[in-house]
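Printed here is structure-v5.txt (compact mmCIF, C-alpha atoms (C1' of nucleotides)):
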# COMPACT_ATOMS: atom_id res chain seq x y z
CA MET O 10 1.33 25.95 -10.10
CA GLY O 11 4.54 24.03 -10.45
CA ASN O 12 4.43 20.85 -12.42
CA SER O 13 7.51 19.44 -10.80
CA GLU O 14 5.90 17.12 -8.31
CA ASN O 15 3.57 15.19 -10.53
CA THR O 16 4.71 12.50 -12.90
CA ASP O 17 1.19 11.38 -13.70
CA LYS O 18 0.22 11.88 -17.29
CA PRO O 19 -3.28 11.67 -18.70
CA ASP O 20 -2.51 8.43 -20.48
CA GLY O 21 -5.93 6.89 -20.21
CA GLY O 22 -6.84 4.11 -17.87
CA VAL O 23 -5.68 1.11 -19.79
CA GLU O 24 -1.94 1.30 -19.22
CA ARG O 25 -2.47 1.97 -15.55
CA ALA O 26 -4.24 -1.31 -14.89
CA ALA O 27 -1.08 -3.29 -14.25
CA THR O 28 0.13 -0.67 -11.80
CA ALA O 29 -3.16 -0.63 -9.98
CA GLN O 30 -3.18 -4.39 -9.67
CA ALA O 31 0.29 -4.18 -8.19
CA GLN O 32 -0.93 -1.55 -5.77
CA MET O 33 -3.87 -3.61 -4.64
CA ARG O 34 -1.56 -6.47 -3.83
CA LYS O 35 0.22 -4.39 -1.27
CA GLY O 36 -0.19 -5.55 2.27
CA VAL O 37 -1.81 -8.80 1.28
CA LEU O 38 1.52 -10.46 0.73
CA GLU O 39 2.04 -10.91 4.43
CA LEU O 40 -1.17 -12.83 4.66
CA CYS O 41 -0.32 -15.05 1.71
CA ILE O 42 3.18 -15.83 2.87
CA LEU O 43 2.05 -16.75 6.35
CA SER O 44 -0.70 -18.91 4.84
CA ILE O 45 1.82 -20.74 2.71
CA LEU O 46 4.02 -21.35 5.73
CA LEU O 47 1.03 -22.78 7.54
CA GLN O 48 1.10 -25.58 4.98
CA GLY O 49 4.65 -26.36 6.04
CA ASP O 50 8.13 -24.91 6.23
CA ALA O 51 9.46 -23.47 3.01
CA TYR O 52 12.42 -21.57 1.63
CA PRO O 53 12.07 -18.28 -0.27
CA THR O 54 12.38 -19.63 -3.80
CA GLU O 55 9.80 -22.25 -2.96
CA ILE O 56 7.46 -19.58 -1.59
CA ILE O 57 7.79 -17.57 -4.78
CA ASP O 58 6.87 -20.63 -6.83
CA LYS O 59 3.80 -21.38 -4.72
CA LEU O 60 2.64 -17.79 -5.02
CA LYS O 61 3.08 -18.00 -8.77
CA ASP O 62 0.75 -20.99 -8.80
CA THR O 63 -2.05 -18.78 -7.51
CA LYS O 64 -1.29 -15.92 -9.92
CA LEU O 65 0.46 -13.80 -7.29
CA VAL O 66 3.80 -12.91 -8.80
CA VAL O 67 6.34 -11.76 -6.24
CA VAL O 68 9.99 -11.08 -6.85
CA GLU O 69 13.00 -11.59 -4.63
CA GLY O 70 13.48 -7.91 -3.89
CA THR O 71 10.04 -7.93 -2.33
CA LEU O 72 10.10 -11.25 -0.56
CA TYR O 73 13.43 -11.25 1.20
CA PRO O 74 13.01 -7.98 3.10
CA LEU O 75 9.49 -9.02 4.03
CA LEU O 76 10.65 -12.36 5.42
CA THR O 77 13.33 -10.57 7.41
CA ARG O 78 10.73 -8.21 8.81
CA LEU O 79 8.47 -11.08 9.82
CA LYS O 80 11.39 -12.87 11.43
CA ASN O 81 12.45 -9.76 13.37
CA THR O 82 8.92 -9.34 14.63
CA GLY O 83 8.96 -12.86 16.00
CA LEU O 84 6.33 -14.22 13.63
CA LEU O 85 8.78 -16.47 11.81
CA GLY O 86 11.80 -18.58 12.66
CA TYR O 87 14.20 -20.32 10.28
CA ARG O 88 16.77 -23.07 9.96
CA TRP O 89 19.46 -23.78 7.39
CA GLU O 90 19.30 -26.96 5.40
CA GLU O 91 21.81 -28.37 2.92
CA SER O 92 20.83 -28.82 -0.70
CA THR O 93 22.25 -31.33 -3.15
CA SER O 94 21.84 -28.91 -6.01
CA GLY O 95 23.16 -25.53 -4.96
CA PRO O 96 23.67 -23.37 -1.92
CA PRO O 97 22.01 -24.14 1.39
CA ARG O 98 18.37 -23.22 1.83
CA LYS O 99 16.87 -21.09 4.53
CA TYR O 100 13.68 -22.79 5.63
CA TYR O 101 11.23 -20.45 7.29
CA LYS O 102 8.73 -21.65 9.85
CA LEU O 103 5.69 -20.12 11.51
CA THR O 104 6.10 -19.45 15.23
CA GLU O 105 3.21 -19.74 17.62
CA ILE O 106 2.86 -16.00 17.66
CA GLY O 107 2.91 -16.12 13.88
CA GLU O 108 0.03 -18.57 13.81
CA GLN O 109 -2.00 -16.45 16.14
CA TYR O 110 -1.23 -13.37 14.08
CA LEU O 111 -2.21 -15.17 10.91
CA LYS O 112 -5.66 -15.78 12.31
CA GLU O 113 -6.09 -12.09 12.94
CA LEU O 114 -4.90 -11.32 9.44
CA GLN O 115 -7.44 -13.72 7.96
CA LEU O 116 -10.16 -11.96 9.87
CA SER O 117 -8.98 -8.55 8.69
CA TRP O 118 -8.87 -9.84 5.16
CA ALA O 119 -12.42 -11.13 5.32
CA GLU O 120 -13.62 -7.81 6.69
CA LEU O 121 -11.83 -5.90 3.99
CA VAL O 122 -13.25 -8.03 1.21
CA ASP O 123 -16.70 -7.55 2.69
CA ALA O 124 -16.33 -3.77 2.94
CA VAL O 125 -14.98 -3.37 -0.57
CA ASN O 126 -17.59 -5.63 -2.11
CA LYS O 127 -20.34 -3.66 -0.39
CA THR O 128 -19.00 -0.46 -1.89
CA ILE O 129 -18.76 -2.00 -5.34
CA GLU O 130 -22.27 -3.41 -5.14
CA LYS O 131 -23.80 -0.09 -4.19
CA GLY O 132 -22.29 1.39 -7.32
CA LYS O 133 -23.74 -1.29 -9.55
CA ASN O 134 -27.28 -0.52 -8.42
CA ASN O 135 -27.09 3.06 -9.65
CA ILE O 136 -26.00 2.85 -13.26
CA MET I 262 24.88 -6.58 13.17
CA GLY I 263 23.73 -2.99 13.22
CA ASN I 264 20.32 -2.33 14.61
CA SER I 265 19.98 1.06 12.99
CA GLU I 266 17.81 0.17 10.04
CA ASN I 267 15.11 -1.82 11.71
CA THR I 268 12.42 -0.29 13.87
CA ASP I 269 10.48 -3.53 14.16
CA LYS I 270 10.43 -4.93 17.63
CA PRO I 271 9.36 -8.42 18.62
CA ASP I 272 6.18 -7.16 20.20
CA GLY I 273 4.04 -10.16 19.43
CA GLY I 274 1.41 -10.26 16.78
CA VAL I 275 -1.46 -8.65 18.55
CA GLU I 276 -0.41 -5.01 18.45
CA ARG I 277 0.53 -5.32 14.81
CA ALA I 278 -2.98 -6.21 13.68
CA ALA I 279 -4.10 -2.63 13.19
CA THR I 280 -1.01 -1.86 11.14
CA ALA I 281 -1.51 -4.89 8.96
CA GLN I 282 -5.12 -4.02 8.35
CA ALA I 283 -4.02 -0.58 7.28
CA GLN I 284 -1.48 -2.14 4.97
CA MET I 285 -4.03 -4.40 3.37
CA ARG I 286 -6.22 -1.44 2.60
CA LYS I 287 -3.51 0.09 0.49
CA GLY I 288 -4.28 0.28 -3.17
CA VAL I 289 -7.89 -0.66 -2.69
CA LEU I 290 -8.89 2.91 -1.95
CA GLU I 291 -8.79 3.85 -5.60
CA LEU I 292 -11.28 1.13 -6.37
CA CYS I 293 -13.60 2.19 -3.56
CA ILE I 294 -13.53 5.86 -4.41
CA LEU I 295 -14.25 5.27 -8.05
CA SER I 296 -17.06 2.90 -7.07
CA ILE I 297 -18.61 5.56 -4.88
CA LEU I 298 -18.42 8.09 -7.68
CA LEU I 299 -20.17 5.63 -9.94
CA GLN I 300 -23.19 6.07 -7.66
CA GLY I 301 -23.12 9.77 -8.42
CA ASP I 302 -20.99 12.87 -8.09
CA ALA I 303 -19.72 13.57 -4.61
CA TYR I 304 -17.46 15.95 -2.73
CA PRO I 305 -14.56 14.77 -0.56
CA THR I 306 -16.21 15.04 2.84
CA GLU I 307 -19.16 13.11 1.47
CA ILE I 308 -16.86 10.42 0.12
CA ILE I 309 -15.21 10.04 3.50
CA ASP I 310 -18.60 9.60 5.14
CA LYS I 311 -19.69 6.97 2.64
CA LEU I 312 -16.47 5.04 3.14
CA LYS I 313 -17.02 5.20 6.88
CA ASP I 314 -20.41 3.56 6.39
CA THR I 315 -18.68 0.49 5.00
CA LYS I 316 -16.03 0.41 7.73
CA LEU I 317 -13.30 1.88 5.53
CA VAL I 318 -11.92 4.80 7.47
CA VAL I 319 -10.01 7.27 5.33
CA VAL I 320 -8.67 10.63 6.40
CA GLU I 321 -8.35 13.87 4.51
CA GLY I 322 -4.60 13.67 4.15
CA THR I 323 -5.10 10.45 2.22
CA LEU I 324 -8.11 11.38 0.17
CA TYR I 325 -7.20 14.81 -1.18
CA PRO I 326 -3.90 13.85 -2.80
CA LEU I 327 -5.51 10.73 -4.19
CA LEU I 328 -8.36 12.67 -5.77
CA THR I 329 -5.87 15.07 -7.29
CA ARG I 330 -3.92 12.17 -8.72
CA LEU I 331 -7.03 10.66 -10.24
CA LYS I 332 -8.02 14.00 -11.70
CA ASN I 333 -4.55 14.55 -13.19
CA THR I 334 -4.69 11.13 -14.78
CA GLY I 335 -7.95 12.01 -16.47
CA LEU I 336 -10.08 9.54 -14.54
CA LEU I 337 -12.00 12.25 -12.69
CA GLY I 338 -13.36 15.69 -13.41
CA TYR I 339 -14.88 18.18 -10.98
CA ARG I 340 -17.10 21.21 -10.63
CA TRP I 341 -17.62 23.75 -7.87
CA GLU I 342 -20.98 24.06 -6.24
CA GLU I 343 -22.23 26.57 -3.65
CA SER I 344 -23.31 25.36 -0.24
CA THR I 345 -25.84 26.99 2.06
CA SER I 346 -23.91 25.88 5.11
CA GLY I 347 -20.24 26.59 4.59
CA PRO I 348 -17.63 26.95 1.89
CA PRO I 349 -18.24 25.76 -1.68
CA ARG I 350 -17.96 22.08 -2.42
CA LYS I 351 -15.83 20.44 -5.06
CA TYR I 352 -17.95 17.77 -6.67
CA TYR I 353 -15.93 15.06 -8.36
CA LYS I 354 -17.27 13.10 -11.27
CA LEU I 355 -16.19 9.96 -13.10
CA THR I 356 -15.02 10.55 -16.66
CA GLU I 357 -15.60 7.99 -19.38
CA ILE I 358 -12.02 6.86 -19.08
CA GLY I 359 -12.57 6.61 -15.36
CA GLU I 360 -15.55 4.32 -15.84
CA GLN I 361 -13.60 2.09 -18.17
CA TYR I 362 -10.72 2.01 -15.74
CA LEU I 363 -13.04 1.18 -12.89
CA LYS I 364 -14.20 -1.92 -14.73
CA GLU I 365 -10.62 -3.09 -15.04
CA LEU I 366 -10.05 -2.41 -11.36
CA GLN I 367 -13.08 -4.46 -10.40
CA LEU I 368 -11.74 -7.34 -12.44
CA SER I 369 -8.32 -7.05 -10.82
CA TRP I 370 -9.96 -6.98 -7.44
CA ALA I 371 -11.96 -10.12 -8.11
CA GLU I 372 -8.84 -11.90 -9.31
CA LEU I 373 -6.90 -10.84 -6.25
CA VAL I 374 -9.61 -12.00 -3.87
CA ASP I 375 -9.70 -15.31 -5.67
CA ALA I 376 -5.94 -15.79 -5.55
CA VAL I 377 -5.66 -14.89 -1.89
CA ASN I 378 -8.57 -17.07 -0.86
CA LYS I 379 -7.05 -20.00 -2.70
CA THR I 380 -3.82 -19.54 -0.79
CA ILE I 381 -5.64 -19.31 2.50
CA GLU I 382 -7.69 -22.40 1.77
CA LYS I 383 -4.65 -24.51 0.93
CA GLY I 384 -3.25 -23.66 4.32
CA LYS I 385 -6.40 -24.71 6.11
CA ASN I 386 -6.26 -28.20 4.64
CA ASN I 387 -2.85 -28.91 6.14
CA ILE I 388 -3.21 -28.16 9.83
C1' DA M 173 -18.31 44.11 15.68
C1' DT M 174 -16.00 40.43 17.39
C1' DT M 175 -15.71 35.77 18.66
C1' DA M 176 -16.74 31.00 18.30
C1' DA M 177 -18.28 26.89 15.97
C1' DG M 178 -19.13 24.19 12.06
C1' DT M 179 -17.96 22.88 7.43
C1' DA M 180 -14.83 22.22 3.71
C1' DC M 181 -10.61 22.27 1.07
C1' DC M 182 -5.42 22.05 0.73
C1' DT M 183 -0.29 21.37 1.77
C1' DT M 184 3.84 19.53 3.86
C1' DG M 185 6.81 16.09 5.61
C1' DC M 186 7.48 11.45 7.20
C1' DA M 187 7.59 6.42 7.19
C1' DA M 188 6.57 2.08 5.14
C1' DC M 189 6.49 -0.83 1.45
C1' DG M 190 7.16 -3.06 -3.15
C1' DC M 191 10.43 -3.52 -6.50
C1' DA M 192 14.35 -3.04 -9.82
C1' DT M 193 19.06 -3.72 -9.73
C1' DA M 194 23.27 -5.54 -8.52
C1' DG M 195 26.08 -8.50 -5.90
C1' DT M 196 27.78 -12.78 -3.38
C1' DA M 197 28.25 -17.70 -2.94
C1' DC M 198 27.68 -22.62 -3.50
C1' DT M 199 27.31 -26.84 -6.74
C1' DA M 200 27.87 -29.34 -10.94
C1' DA M 201 28.81 -30.04 -15.65
C1' DA M 202 31.44 -28.87 -19.91
C1' DT E 212 38.48 -23.03 -15.30
C1' DT E 213 34.72 -21.41 -17.29
C1' DT E 214 29.71 -21.61 -17.63
C1' DA E 215 25.13 -22.47 -15.92
C1' DG E 216 21.90 -23.14 -12.33
C1' DT E 217 20.30 -22.26 -7.74
C1' DA E 218 19.86 -19.46 -3.71
C1' DC E 219 20.44 -15.71 -0.43
C1' DT E 220 21.47 -10.58 0.48
C1' DA E 221 21.95 -5.47 0.09
C1' DT E 222 20.99 -0.79 -1.82
C1' DG E 223 18.34 2.86 -3.55
C1' DC E 224 14.17 4.71 -5.70
C1' DG E 225 9.22 5.85 -6.36
C1' DT E 226 4.67 5.53 -4.67
C1' DT E 227 1.46 5.98 -1.22
C1' DG E 228 -1.11 6.37 3.21
C1' DC E 229 -1.24 9.35 6.97
C1' DA E 230 -0.48 12.72 10.79
C1' DA E 231 -0.39 17.47 11.51
C1' DG E 232 -1.13 22.00 10.49
C1' DG E 233 -3.21 25.68 7.75
C1' DT E 234 -6.71 28.56 5.02
C1' DA E 235 -11.31 30.10 4.12
C1' DC E 236 -16.34 30.50 4.04
C1' DT E 237 -20.90 30.62 6.70
C1' DT E 238 -23.83 31.15 10.65
C1' DA E 239 -24.86 32.13 15.39
C1' DA E 240 -23.77 33.95 19.82
C1' DT E 241 -21.66 37.47 22.74

Would you give me this structure, written as structure tokens?
Amino acid sequence: MGNSENTDKPDGGVERAATAQAQMRKGVLELCILSILLQGDAYPTEIIDKLKDTKLVVVEGTLYPLLTRLKNTGLLGYRWEESTSGPPRKYYKLTEIGEQYLKELQLSWAELVDAVNKTIEKGKNNI
Amino acid sequence: MGNSENTDKPDGGVERAATAQAQMRKGVLELCILSILLQGDAYPTEIIDKLKDTKLVVVEGTLYPLLTRLKNTGLLGYRWEESTSGPPRKYYKLTEIGEQYLKELQLSWAELVDAVNKTIEKGKNNI
DNA sequence: ATTAAGTACCTTGCAACGCATAGTACTAAA
DNA sequence: TTTAGTACTATGCGTTGCAAGGTACTTAAT
């Protein structure tokens, strides 16, 4: 048995919690970003701030590639707008396809929450 | 502009729904598996079946490495048990650390659901 | 005895994604 | 002209879900 492929150490569960929370966030970001853009056009830094308000911390290295992906898929458009206090801002906007897609995402999200909660509940009955 | 790094095509939102749902599931599997094991020891095939009951489809190629990871981190233990209808089964069991970790995961999950739902709700007010 | 079918576990290689890091560029004040 | 603040972009790494293929044990049929 080689031990070269596994960096996991038996470090107890406590230190892993932050990592796990990060993991759980995966894939939900799309939904949140599209939801934010439903409120109105926004530029990346603004999006990051709004996510922070709801305890979802996202960094630039995550957001920018994701926005580009969503744009390339036709879910988002953008326009440049001058700023009086710095470089120009890239305002992203939901397309019609994006809005339609967001509705599907919301449905998927609701189903997921339901499925996971069911699993959790079953466990709680059998302690 | 090179088009070599991007496999996304503007295919509309509809076909992407399955992919997005898969993405959203990421990271939540740990929580679900540990929750199932809280109900009692179980072997992989059994775990897959139980997940299927709650609409969370997971395949072997996903589950086995994940169980190994959880075992290596000390969250799970296992024992072999004979079967009258096939090869022996590997029953996994929550360790004490695993139970403690599960509680943290459940908390993280609840917080995530809350944060995401808040974001979604804000969007719905501004249509 | 050999084959087939059912059950169960395991490995390998790929692709996607989040993120840390580093870099570029514009404005304004010191 | 240097410093600070704001904003967008690119690169490379590690983790993870998954498809695909493989091994092995049991029972029943040929």

Each residue of chain M with at least one atom at most 9 Å from chain I should appear once, together with its nearest atom pair and the corresponding distance in Å (one decimal); atoms considered: all atoms listed in the file; ordering: chain, then increasing residue number; output as a Markdown table.
| residue | atom | partner | partner_atom | distance |
| --- | --- | --- | --- | --- |
| M:DG178 | C1' | I:Gly347 | CA | 7.9 |
| M:DT179 | C1' | I:Gly347 | CA | 5.2 |
| M:DA180 | C1' | I:Pro348 | CA | 5.8 |
| M:DC181 | C1' | I:Arg350 | CA | 8.1 |
| M:DC182 | C1' | I:Tyr325 | CA | 7.7 |
| M:DC189 | C1' | I:Gln284 | CA | 8.8 |

Practice prompt. Tell me, as a list in words, which residues lie within 12 Å of E:DT222, counting only C-alpha atoms (C1' of nucleotides); anything in the same chain fewer than 5 positions away does not count.
Written response: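 Result of the neighbour search: Gly70 and Pro74 of chain O; DC191, DA192, DT193, DA194 and DG195 of chain M.
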
Give chain O as a PDB file with C-alpha atoms, in the frame of the given file once it has been least-squares superposed onto chain I over every C-alpha atom, paired in order.
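Writing the result to out36.pdb gives the following:
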ATOM      1  CA  MET O  10      25.100  -6.158  12.232  1.00  0.00           C
ATOM      2  CA  GLY O  11      23.844  -2.658  12.762  1.00  0.00           C
ATOM      3  CA  ASN O  12      20.496  -2.265  14.388  1.00  0.00           C
ATOM      4  CA  SER O  13      19.945   1.182  13.006  1.00  0.00           C
ATOM      5  CA  GLU O  14      17.660   0.345  10.133  1.00  0.00           C
ATOM      6  CA  ASN O  15      15.046  -1.712  11.871  1.00  0.00           C
ATOM      7  CA  THR O  16      12.381  -0.246  14.084  1.00  0.00           C
ATOM      8  CA  ASP O  17      10.482  -3.502  14.359  1.00  0.00           C
ATOM      9  CA  LYS O  18      10.343  -4.885  17.845  1.00  0.00           C
ATOM     10  CA  PRO O  19       9.260  -8.373  18.813  1.00  0.00           C
ATOM     11  CA  ASP O  20       6.055  -7.095  20.347  1.00  0.00           C
ATOM     12  CA  GLY O  21       3.896 -10.064  19.535  1.00  0.00           C
ATOM     13  CA  GLY O  22       1.288 -10.136  16.847  1.00  0.00           C
ATOM     14  CA  VAL O  23      -1.620  -8.542  18.588  1.00  0.00           C
ATOM     15  CA  GLU O  24      -0.608  -4.894  18.475  1.00  0.00           C
ATOM     16  CA  ARG O  25       0.373  -5.213  14.851  1.00  0.00           C
ATOM     17  CA  ALA O  26      -3.096  -6.169  13.675  1.00  0.00           C
ATOM     18  CA  ALA O  27      -4.302  -2.612  13.216  1.00  0.00           C
ATOM     19  CA  THR O  28      -1.218  -1.771  11.188  1.00  0.00           C
ATOM     20  CA  ALA O  29      -1.630  -4.810   9.013  1.00  0.00           C
ATOM     21  CA  GLN O  30      -5.251  -3.994   8.339  1.00  0.00           C
ATOM     22  CA  ALA O  31      -4.166  -0.528   7.297  1.00  0.00           C
ATOM     23  CA  GLN O  32      -1.569  -2.054   5.019  1.00  0.00           C
ATOM     24  CA  MET O  33      -4.034  -4.366   3.362  1.00  0.00           C
ATOM     25  CA  ARG O  34      -6.248  -1.431   2.551  1.00  0.00           C
ATOM     26  CA  LYS O  35      -3.559   0.090   0.428  1.00  0.00           C
ATOM     27  CA  GLY O  36      -4.348   0.268  -3.231  1.00  0.00           C
ATOM     28  CA  VAL O  37      -7.953  -0.701  -2.756  1.00  0.00           C
ATOM     29  CA  LEU O  38      -8.956   2.842  -1.988  1.00  0.00           C
ATOM     30  CA  GLU O  39      -8.847   3.787  -5.629  1.00  0.00           C
ATOM     31  CA  LEU O  40     -11.337   1.099  -6.414  1.00  0.00           C
ATOM     32  CA  CYS O  41     -13.674   2.128  -3.615  1.00  0.00           C
ATOM     33  CA  ILE O  42     -13.583   5.806  -4.433  1.00  0.00           C
ATOM     34  CA  LEU O  43     -14.291   5.227  -8.093  1.00  0.00           C
ATOM     35  CA  SER O  44     -17.129   2.877  -7.128  1.00  0.00           C
ATOM     36  CA  ILE O  45     -18.650   5.523  -4.909  1.00  0.00           C
ATOM     37  CA  LEU O  46     -18.436   8.072  -7.699  1.00  0.00           C
ATOM     38  CA  LEU O  47     -20.217   5.640  -9.973  1.00  0.00           C
ATOM     39  CA  GLN O  48     -23.229   6.071  -7.706  1.00  0.00           C
ATOM     40  CA  GLY O  49     -23.140   9.789  -8.419  1.00  0.00           C
ATOM     41  CA  ASP O  50     -21.001  12.879  -8.064  1.00  0.00           C
ATOM     42  CA  ALA O  51     -19.716  13.565  -4.587  1.00  0.00           C
ATOM     43  CA  TYR O  52     -17.432  15.907  -2.697  1.00  0.00           C
ATOM     44  CA  PRO O  53     -14.533  14.685  -0.539  1.00  0.00           C
ATOM     45  CA  THR O  54     -16.203  14.949   2.855  1.00  0.00           C
ATOM     46  CA  GLU O  55     -19.173  13.080   1.472  1.00  0.00           C
ATOM     47  CA  ILE O  56     -16.890  10.359   0.106  1.00  0.00           C
ATOM     48  CA  ILE O  57     -15.250   9.953   3.493  1.00  0.00           C
ATOM     49  CA  ASP O  58     -18.655   9.525   5.116  1.00  0.00           C
ATOM     50  CA  LYS O  59     -19.756   6.897   2.603  1.00  0.00           C
ATOM     51  CA  LEU O  60     -16.538   4.971   3.114  1.00  0.00           C
ATOM     52  CA  LYS O  61     -17.100   5.096   6.851  1.00  0.00           C
ATOM     53  CA  ASP O  62     -20.483   3.470   6.321  1.00  0.00           C
ATOM     54  CA  THR O  63     -18.750   0.392   4.937  1.00  0.00           C
ATOM     55  CA  LYS O  64     -16.103   0.295   7.685  1.00  0.00           C
ATOM     56  CA  LEU O  65     -13.374   1.785   5.493  1.00  0.00           C
ATOM     57  CA  VAL O  66     -12.010   4.701   7.458  1.00  0.00           C
ATOM     58  CA  VAL O  67     -10.072   7.162   5.333  1.00  0.00           C
ATOM     59  CA  VAL O  68      -8.742  10.508   6.424  1.00  0.00           C
ATOM     60  CA  GLU O  69      -8.362  13.750   4.528  1.00  0.00           C
ATOM     61  CA  GLY O  70      -4.600  13.495   4.209  1.00  0.00           C
ATOM     62  CA  THR O  71      -5.132  10.300   2.268  1.00  0.00           C
ATOM     63  CA  LEU O  72      -8.135  11.234   0.202  1.00  0.00           C
ATOM     64  CA  TYR O  73      -7.249  14.635  -1.152  1.00  0.00           C
ATOM     65  CA  PRO O  74      -3.930  13.701  -2.762  1.00  0.00           C
ATOM     66  CA  LEU O  75      -5.544  10.588  -4.189  1.00  0.00           C
ATOM     67  CA  LEU O  76      -8.389  12.561  -5.753  1.00  0.00           C
ATOM     68  CA  THR O  77      -5.868  14.967  -7.237  1.00  0.00           C
ATOM     69  CA  ARG O  78      -3.935  12.063  -8.692  1.00  0.00           C
ATOM     70  CA  LEU O  79      -7.063  10.574 -10.231  1.00  0.00           C
ATOM     71  CA  LYS O  80      -8.018  13.947 -11.658  1.00  0.00           C
ATOM     72  CA  ASN O  81      -4.549  14.490 -13.152  1.00  0.00           C
ATOM     73  CA  THR O  82      -4.707  11.084 -14.764  1.00  0.00           C
ATOM     74  CA  GLY O  83      -7.957  12.005 -16.456  1.00  0.00           C
ATOM     75  CA  LEU O  84     -10.095   9.520 -14.549  1.00  0.00           C
ATOM     76  CA  LEU O  85     -12.001  12.217 -12.685  1.00  0.00           C
ATOM     77  CA  GLY O  86     -13.337  15.685 -13.381  1.00  0.00           C
ATOM     78  CA  TYR O  87     -14.825  18.171 -10.920  1.00  0.00           C
ATOM     79  CA  ARG O  88     -17.013  21.230 -10.574  1.00  0.00           C
ATOM     80  CA  TRP O  89     -17.464  23.760  -7.791  1.00  0.00           C
ATOM     81  CA  GLU O  90     -20.824  24.102  -6.151  1.00  0.00           C
ATOM     82  CA  GLU O  91     -21.980  26.616  -3.546  1.00  0.00           C
ATOM     83  CA  SER O  92     -23.048  25.424  -0.125  1.00  0.00           C
ATOM     84  CA  THR O  93     -25.491  27.116   2.217  1.00  0.00           C
ATOM     85  CA  SER O  94     -23.564  25.933   5.232  1.00  0.00           C
ATOM     86  CA  GLY O  95     -19.885  26.589   4.675  1.00  0.00           C
ATOM     87  CA  PRO O  96     -17.320  26.903   1.939  1.00  0.00           C
ATOM     88  CA  PRO O  97     -18.011  25.761  -1.600  1.00  0.00           C
ATOM     89  CA  ARG O  98     -17.804  22.065  -2.367  1.00  0.00           C
ATOM     90  CA  LYS O  99     -15.716  20.400  -5.002  1.00  0.00           C
ATOM     91  CA  TYR O 100     -17.885  17.765  -6.623  1.00  0.00           C
ATOM     92  CA  TYR O 101     -15.911  15.034  -8.320  1.00  0.00           C
ATOM     93  CA  LYS O 102     -17.280  13.098 -11.257  1.00  0.00           C
ATOM     94  CA  LEU O 103     -16.212   9.968 -13.101  1.00  0.00           C
ATOM     95  CA  THR O 104     -15.034  10.567 -16.665  1.00  0.00           C
ATOM     96  CA  GLU O 105     -15.618   8.041 -19.390  1.00  0.00           C
ATOM     97  CA  ILE O 106     -12.049   6.902 -19.107  1.00  0.00           C
ATOM     98  CA  GLY O 107     -12.607   6.626 -15.376  1.00  0.00           C
ATOM     99  CA  GLU O 108     -15.581   4.345 -15.878  1.00  0.00           C
ATOM    100  CA  GLN O 109     -13.655   2.132 -18.210  1.00  0.00           C
ATOM    101  CA  TYR O 110     -10.751   2.029 -15.786  1.00  0.00           C
ATOM    102  CA  LEU O 111     -13.077   1.169 -12.940  1.00  0.00           C
ATOM    103  CA  LYS O 112     -14.204  -1.925 -14.782  1.00  0.00           C
ATOM    104  CA  GLU O 113     -10.630  -3.077 -15.096  1.00  0.00           C
ATOM    105  CA  LEU O 114     -10.057  -2.409 -11.424  1.00  0.00           C
ATOM    106  CA  GLN O 115     -13.082  -4.501 -10.488  1.00  0.00           C
ATOM    107  CA  LEU O 116     -11.696  -7.346 -12.519  1.00  0.00           C
ATOM    108  CA  SER O 117      -8.283  -7.040 -10.885  1.00  0.00           C
ATOM    109  CA  TRP O 118      -9.936  -6.983  -7.508  1.00  0.00           C
ATOM    110  CA  ALA O 119     -11.891 -10.143  -8.202  1.00  0.00           C
ATOM    111  CA  GLU O 120      -8.745 -11.895  -9.373  1.00  0.00           C
ATOM    112  CA  LEU O 121      -6.847 -10.815  -6.311  1.00  0.00           C
ATOM    113  CA  VAL O 122      -9.537 -11.996  -3.934  1.00  0.00           C
ATOM    114  CA  ASP O 123      -9.595 -15.316  -5.750  1.00  0.00           C
ATOM    115  CA  ALA O 124      -5.816 -15.745  -5.587  1.00  0.00           C
ATOM    116  CA  VAL O 125      -5.572 -14.843  -1.922  1.00  0.00           C
ATOM    117  CA  ASN O 126      -8.482 -17.038  -0.921  1.00  0.00           C
ATOM    118  CA  LYS O 127      -6.921 -19.976  -2.748  1.00  0.00           C
ATOM    119  CA  THR O 128      -3.717 -19.498  -0.799  1.00  0.00           C
ATOM    120  CA  ILE O 129      -5.577 -19.254   2.489  1.00  0.00           C
ATOM    121  CA  GLU O 130      -7.636 -22.346   1.749  1.00  0.00           C
ATOM    122  CA  LYS O 131      -4.607 -24.458   0.955  1.00  0.00           C
ATOM    123  CA  GLY O 132      -3.235 -23.597   4.368  1.00  0.00           C
ATOM    124  CA  LYS O 133      -6.400 -24.639   6.144  1.00  0.00           C
ATOM    125  CA  ASN O 134      -6.236 -28.141   4.693  1.00  0.00           C
ATOM    126  CA  ASN O 135      -2.865 -28.838   6.278  1.00  0.00           C
ATOM    127  CA  ILE O 136      -3.278 -28.068   9.952  1.00  0.00           C
TER     128      ILE O 136
END

Considering all atoms listed in the file, give me a table of residues in chain E that are at most 9 Å from chain O, with the closest atom pair and distance in Å for each, as a Markdown table.
| residue | atom | partner | partner_atom | distance |
| --- | --- | --- | --- | --- |
| E:DG216 | C1' | O:Gly95 | CA | 7.8 |
| E:DT217 | C1' | O:Gly95 | CA | 5.2 |
| E:DA218 | C1' | O:Pro96 | CA | 5.7 |
| E:DC219 | C1' | O:Arg98 | CA | 8.1 |
| E:DT220 | C1' | O:Tyr73 | CA | 8.1 |

Could the residues in this selection be saved with C-alpha atoms (C1' of nucleotides) as a PDB file, in the coordinates of the input?
ATOM      1  C1'  DG E 216      21.900 -23.140 -12.330  1.00  0.00           C
ATOM      2  C1'  DT E 217      20.300 -22.260  -7.740  1.00  0.00           C
ATOM      3  C1'  DA E 218      19.860 -19.460  -3.710  1.00  0.00           C
ATOM      4  C1'  DC E 219      20.440 -15.710  -0.430  1.00  0.00           C
ATOM      5  C1'  DT E 220      21.470 -10.580   0.480  1.00  0.00           C
TER       6       DT E 220
END
